[in-house]
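So this block is run_17.pdb, PDB, C-alpha atoms:
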ATOM      1  CA  MET A   1      64.860 -65.516 182.802
ATOM      2  CA  ARG A   2      64.111 -68.066 185.483
ATOM      3  CA  ASP A   3      66.654 -70.472 184.001
ATOM      4  CA  LYS A   4      69.353 -67.803 184.109
ATOM      5  CA  GLU A   5      68.621 -67.119 187.771
ATOM      6  CA  ARG A   6      68.666 -70.845 188.584
ATOM      7  CA  LEU A   7      71.999 -71.322 186.843
ATOM      8  CA  LEU A   8      73.526 -68.405 188.759
ATOM      9  CA  GLU A   9      72.155 -69.754 192.032
ATOM     10  CA  ILE A  10      73.587 -73.230 191.410
ATOM     11  CA  TYR A  11      76.938 -71.781 190.374
ATOM     12  CA  ASN A  12      77.134 -69.585 193.468
ATOM     13  CA  GLN A  13      76.229 -72.502 195.764
ATOM     14  CA  ALA A  14      78.749 -74.921 194.237
ATOM     15  CA  PRO A  15      81.800 -75.621 196.410
ATOM     16  CA  LYS A  16      84.855 -73.822 195.059
ATOM     17  CA  PRO A  17      86.977 -74.398 193.050
ATOM     18  CA  VAL A  18      84.488 -75.243 190.315
ATOM     19  CA  ALA A  19      85.083 -76.074 186.652
ATOM     20  CA  VAL A  20      82.396 -75.193 184.105
ATOM     21  CA  VAL A  21      82.299 -76.970 180.747
ATOM     22  CA  ALA A  22      80.012 -75.786 177.921
ATOM     23  CA  ILE A  23      79.129 -78.909 175.938
ATOM     24  CA  GLY A  24      77.546 -78.795 172.489
ATOM     25  CA  ALA A  25      76.556 -75.996 170.175
ATOM     26  CA  CYS A  26      73.640 -74.953 172.383
ATOM     27  CA  GLY A  27      75.838 -74.474 175.448
ATOM     28  CA  CYS A  28      78.614 -72.718 173.536
ATOM     29  CA  THR A  29      76.709 -70.399 171.198
ATOM     30  CA  GLY A  30      73.013 -71.120 171.535
ATOM     31  CA  GLY A  31      72.850 -73.253 168.411
ATOM     32  CA  ILE A  32      69.374 -73.445 166.919
ATOM     33  CA  PHE A  33      67.886 -71.781 170.007
ATOM     34  CA  ALA A  34      69.940 -68.562 169.754
ATOM     35  CA  GLU A  35      67.057 -66.601 168.204
ATOM     36  CA  SER A  36      64.456 -67.957 170.626
ATOM     37  CA  MET A  37      62.542 -65.584 172.887
ATOM     38  CA  THR A  38      63.320 -67.717 175.938
ATOM     39  CA  PHE A  39      67.052 -68.055 175.261
ATOM     40  CA  ALA A  40      69.039 -66.348 178.030
ATOM     41  CA  GLY A  41      72.306 -66.397 176.102
ATOM     42  CA  PRO A  42      75.282 -68.704 175.821
ATOM     43  CA  VAL A  43      76.472 -70.093 179.150
ATOM     44  CA  ASP A  44      79.567 -67.840 179.162
ATOM     45  CA  LYS A  45      77.323 -64.765 179.216
ATOM     46  CA  ILE A  46      75.880 -65.993 182.543
ATOM     47  CA  ILE A  47      78.762 -67.740 184.348
ATOM     48  CA  PRO A  48      82.488 -68.113 183.605
ATOM     49  CA  VAL A  49      83.266 -71.119 181.407
ATOM     50  CA  ASP A  50      86.578 -72.978 181.675
ATOM     51  CA  ALA A  51      86.267 -75.238 178.617
ATOM     52  CA  TYR A  52      84.189 -75.333 175.435
ATOM     53  CA  ILE A  53      83.332 -78.555 173.629
ATOM     54  CA  PRO A  54      81.612 -77.739 170.320
ATOM     55  CA  GLY A  55      79.470 -80.024 168.199
ATOM     56  CA  CYS A  56      75.859 -80.955 167.698
ATOM     57  CA  PRO A  57      76.020 -83.480 169.195
ATOM     58  CA  PRO A  58      79.645 -83.390 170.314
ATOM     59  CA  LYS A  59      81.702 -86.471 169.530
ATOM     60  CA  PRO A  60      82.854 -88.582 172.471
ATOM     61  CA  GLU A  61      86.463 -87.943 171.422
ATOM     62  CA  ALA A  62      85.865 -84.188 171.629
ATOM     63  CA  ILE A  63      84.378 -84.492 175.122
ATOM     64  CA  ILE A  64      87.348 -86.563 176.314
ATOM     65  CA  ALA A  65      89.853 -84.152 174.731
ATOM     66  CA  GLY A  66      88.126 -81.140 176.303
ATOM     67  CA  ILE A  67      88.097 -82.684 179.775
ATOM     68  CA  VAL A  68      91.756 -83.752 179.464
ATOM     69  CA  LYS A  69      92.737 -80.188 178.499
ATOM     70  CA  LEU A  70      90.741 -78.843 181.432
ATOM     71  CA  VAL A  71      92.365 -81.262 183.895
ATOM     72  CA  ASN A  72      95.853 -80.364 182.599
ATOM     73  CA  LYS A  73      95.089 -76.660 182.994
TER      74      LYS A  73
END
Could you render the structure from this file as structure tokens?
Amino acid sequence: MRDKERLLEIYNQAPKPVAVVAIGACGCTGGIFAESMTFAGPVDKIIPVDAYIPGCPPKPEAIIAGIVKLVNK
């Protein structure tokens, strides 16, 4: 739970407006760590996420496309 609290603290301290991007399967859904005892949940269960970039690992093209979509939003 400490990681969840740290993430919330960082998010709340970030200057607004802030854009959150979940990168990779672990950030989006938990990936292979989803059943772990220490897993606090996907990032969107803790803070609001503006863009999701799936993959394990995500391809560079996917990261660029996700950021471009976020910027155009």
Q: Starting from the shown file, work through the PyMOL selection byres ((chain A and resi 4-19) around 9) and note down what comes out as a PyMOL selection string.
A: chain A and resi 1-3+20-21+40-41+43+46-51+70
Can you write out the residues you just picked, keeping C-alpha atoms, as a short mmCIF file (atom, residue, chain, number, x, y, z; two decimals), in the coordinates of the input?
data_model
loop_
_atom_site.label_atom_id
_atom_site.label_comp_id
_atom_site.auth_asym_id
_atom_site.auth_seq_id
_atom_site.Cartn_x
_atom_site.Cartn_y
_atom_site.Cartn_z
CA MET A 1 64.86 -65.52 182.80
CA ARG A 2 64.11 -68.07 185.48
CA ASP A 3 66.65 -70.47 184.00
CA VAL A 20 82.40 -75.19 184.10
CA VAL A 21 82.30 -76.97 180.75
CA ALA A 40 69.04 -66.35 178.03
CA GLY A 41 72.31 -66.40 176.10
CA VAL A 43 76.47 -70.09 179.15
CA ILE A 46 75.88 -65.99 182.54
CA ILE A 47 78.76 -67.74 184.35
CA PRO A 48 82.49 -68.11 183.60
CA VAL A 49 83.27 -71.12 181.41
CA ASP A 50 86.58 -72.98 181.68
CA ALA A 51 86.27 -75.24 178.62
CA LEU A 70 90.74 -78.84 181.43
#
Q: Determine the residue set returned by the PyMOL selection byres ((chain A and resi 25) around 6) for the present structure, and present it as a PyMOL selection string.
A: chain A and resi 24+26-29+31+54-56
Q) So how far away is atom CA of A:Ala34 from atom CA of A:Ala65, in Å? A)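 Atom-to-atom, atom CA of A:Ala65 and atom CA of A:Ala34 are spaced 25.8 Å apart.
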Q) Can you tell me how far atom CA of A:Phe33 sits from atom CA of A:Val68, in Å to one decimal? A)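 According to the coordinates, atom CA of A:Phe33 and atom CA of A:Val68 are separated by 28.3 Å.
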Q: Mind giving me the straight-line distance from atom CA of A:Ile67 to atom CA of A:Phe39 in Å, one decimal?
A: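 We find that atom CA of A:Ile67 and atom CA of A:Phe39 lie 26.0 Å from each other.
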Missing atoms in stretch 34-45 of chain A should be modelled up to N, CA and C atoms and reported as an mmCIF file, keeping the file's coordinate frame.
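This went into part.cif:
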data_model
loop_
_atom_site.group_PDB
_atom_site.id
_atom_site.type_symbol
_atom_site.label_atom_id
_atom_site.label_comp_id
_atom_site.auth_asym_id
_atom_site.auth_seq_id
_atom_site.Cartn_x
_atom_site.Cartn_y
_atom_site.Cartn_z
ATOM 1 N N ALA A 34 69.381 -69.892 169.535
ATOM 2 C CA ALA A 34 69.940 -68.562 169.754
ATOM 3 C C ALA A 34 68.944 -67.441 169.470
ATOM 4 N N GLU A 35 68.026 -67.642 168.551
ATOM 5 C CA GLU A 35 67.057 -66.601 168.204
ATOM 6 C C GLU A 35 65.732 -66.747 168.958
ATOM 7 N N SER A 36 65.675 -67.695 169.874
ATOM 8 C CA SER A 36 64.456 -67.957 170.626
ATOM 9 C C SER A 36 64.185 -66.856 171.648
ATOM 10 N N MET A 37 62.918 -66.602 171.908
ATOM 11 C CA MET A 37 62.542 -65.584 172.887
ATOM 12 C C MET A 37 62.954 -65.982 174.301
ATOM 13 N N THR A 38 63.010 -67.259 174.587
ATOM 14 C CA THR A 38 63.320 -67.717 175.938
ATOM 15 C C THR A 38 64.798 -67.988 176.163
ATOM 16 N N PHE A 39 65.622 -67.783 175.150
ATOM 17 C CA PHE A 39 67.052 -68.055 175.261
ATOM 18 C C PHE A 39 67.727 -66.954 176.066
ATOM 19 N N ALA A 40 68.396 -67.327 177.152
ATOM 20 C CA ALA A 40 69.039 -66.348 178.030
ATOM 21 C C ALA A 40 70.439 -65.975 177.569
ATOM 22 N N GLY A 41 70.966 -66.673 176.604
ATOM 23 C CA GLY A 41 72.306 -66.397 176.102
ATOM 24 C C GLY A 41 73.203 -67.600 176.282
ATOM 25 N N PRO A 42 74.339 -67.611 175.608
ATOM 26 C CA PRO A 42 75.282 -68.704 175.821
ATOM 27 C C PRO A 42 75.693 -68.758 177.301
ATOM 28 N N VAL A 43 76.131 -69.907 177.740
ATOM 29 C CA VAL A 43 76.472 -70.093 179.150
ATOM 30 C C VAL A 43 77.524 -69.088 179.601
ATOM 31 N N ASP A 44 78.502 -68.755 178.744
ATOM 32 C CA ASP A 44 79.567 -67.840 179.162
ATOM 33 C C ASP A 44 79.096 -66.404 179.363
ATOM 34 N N LYS A 45 77.892 -66.083 178.943
ATOM 35 C CA LYS A 45 77.323 -64.765 179.216
ATOM 36 C C LYS A 45 76.671 -64.730 180.601
#
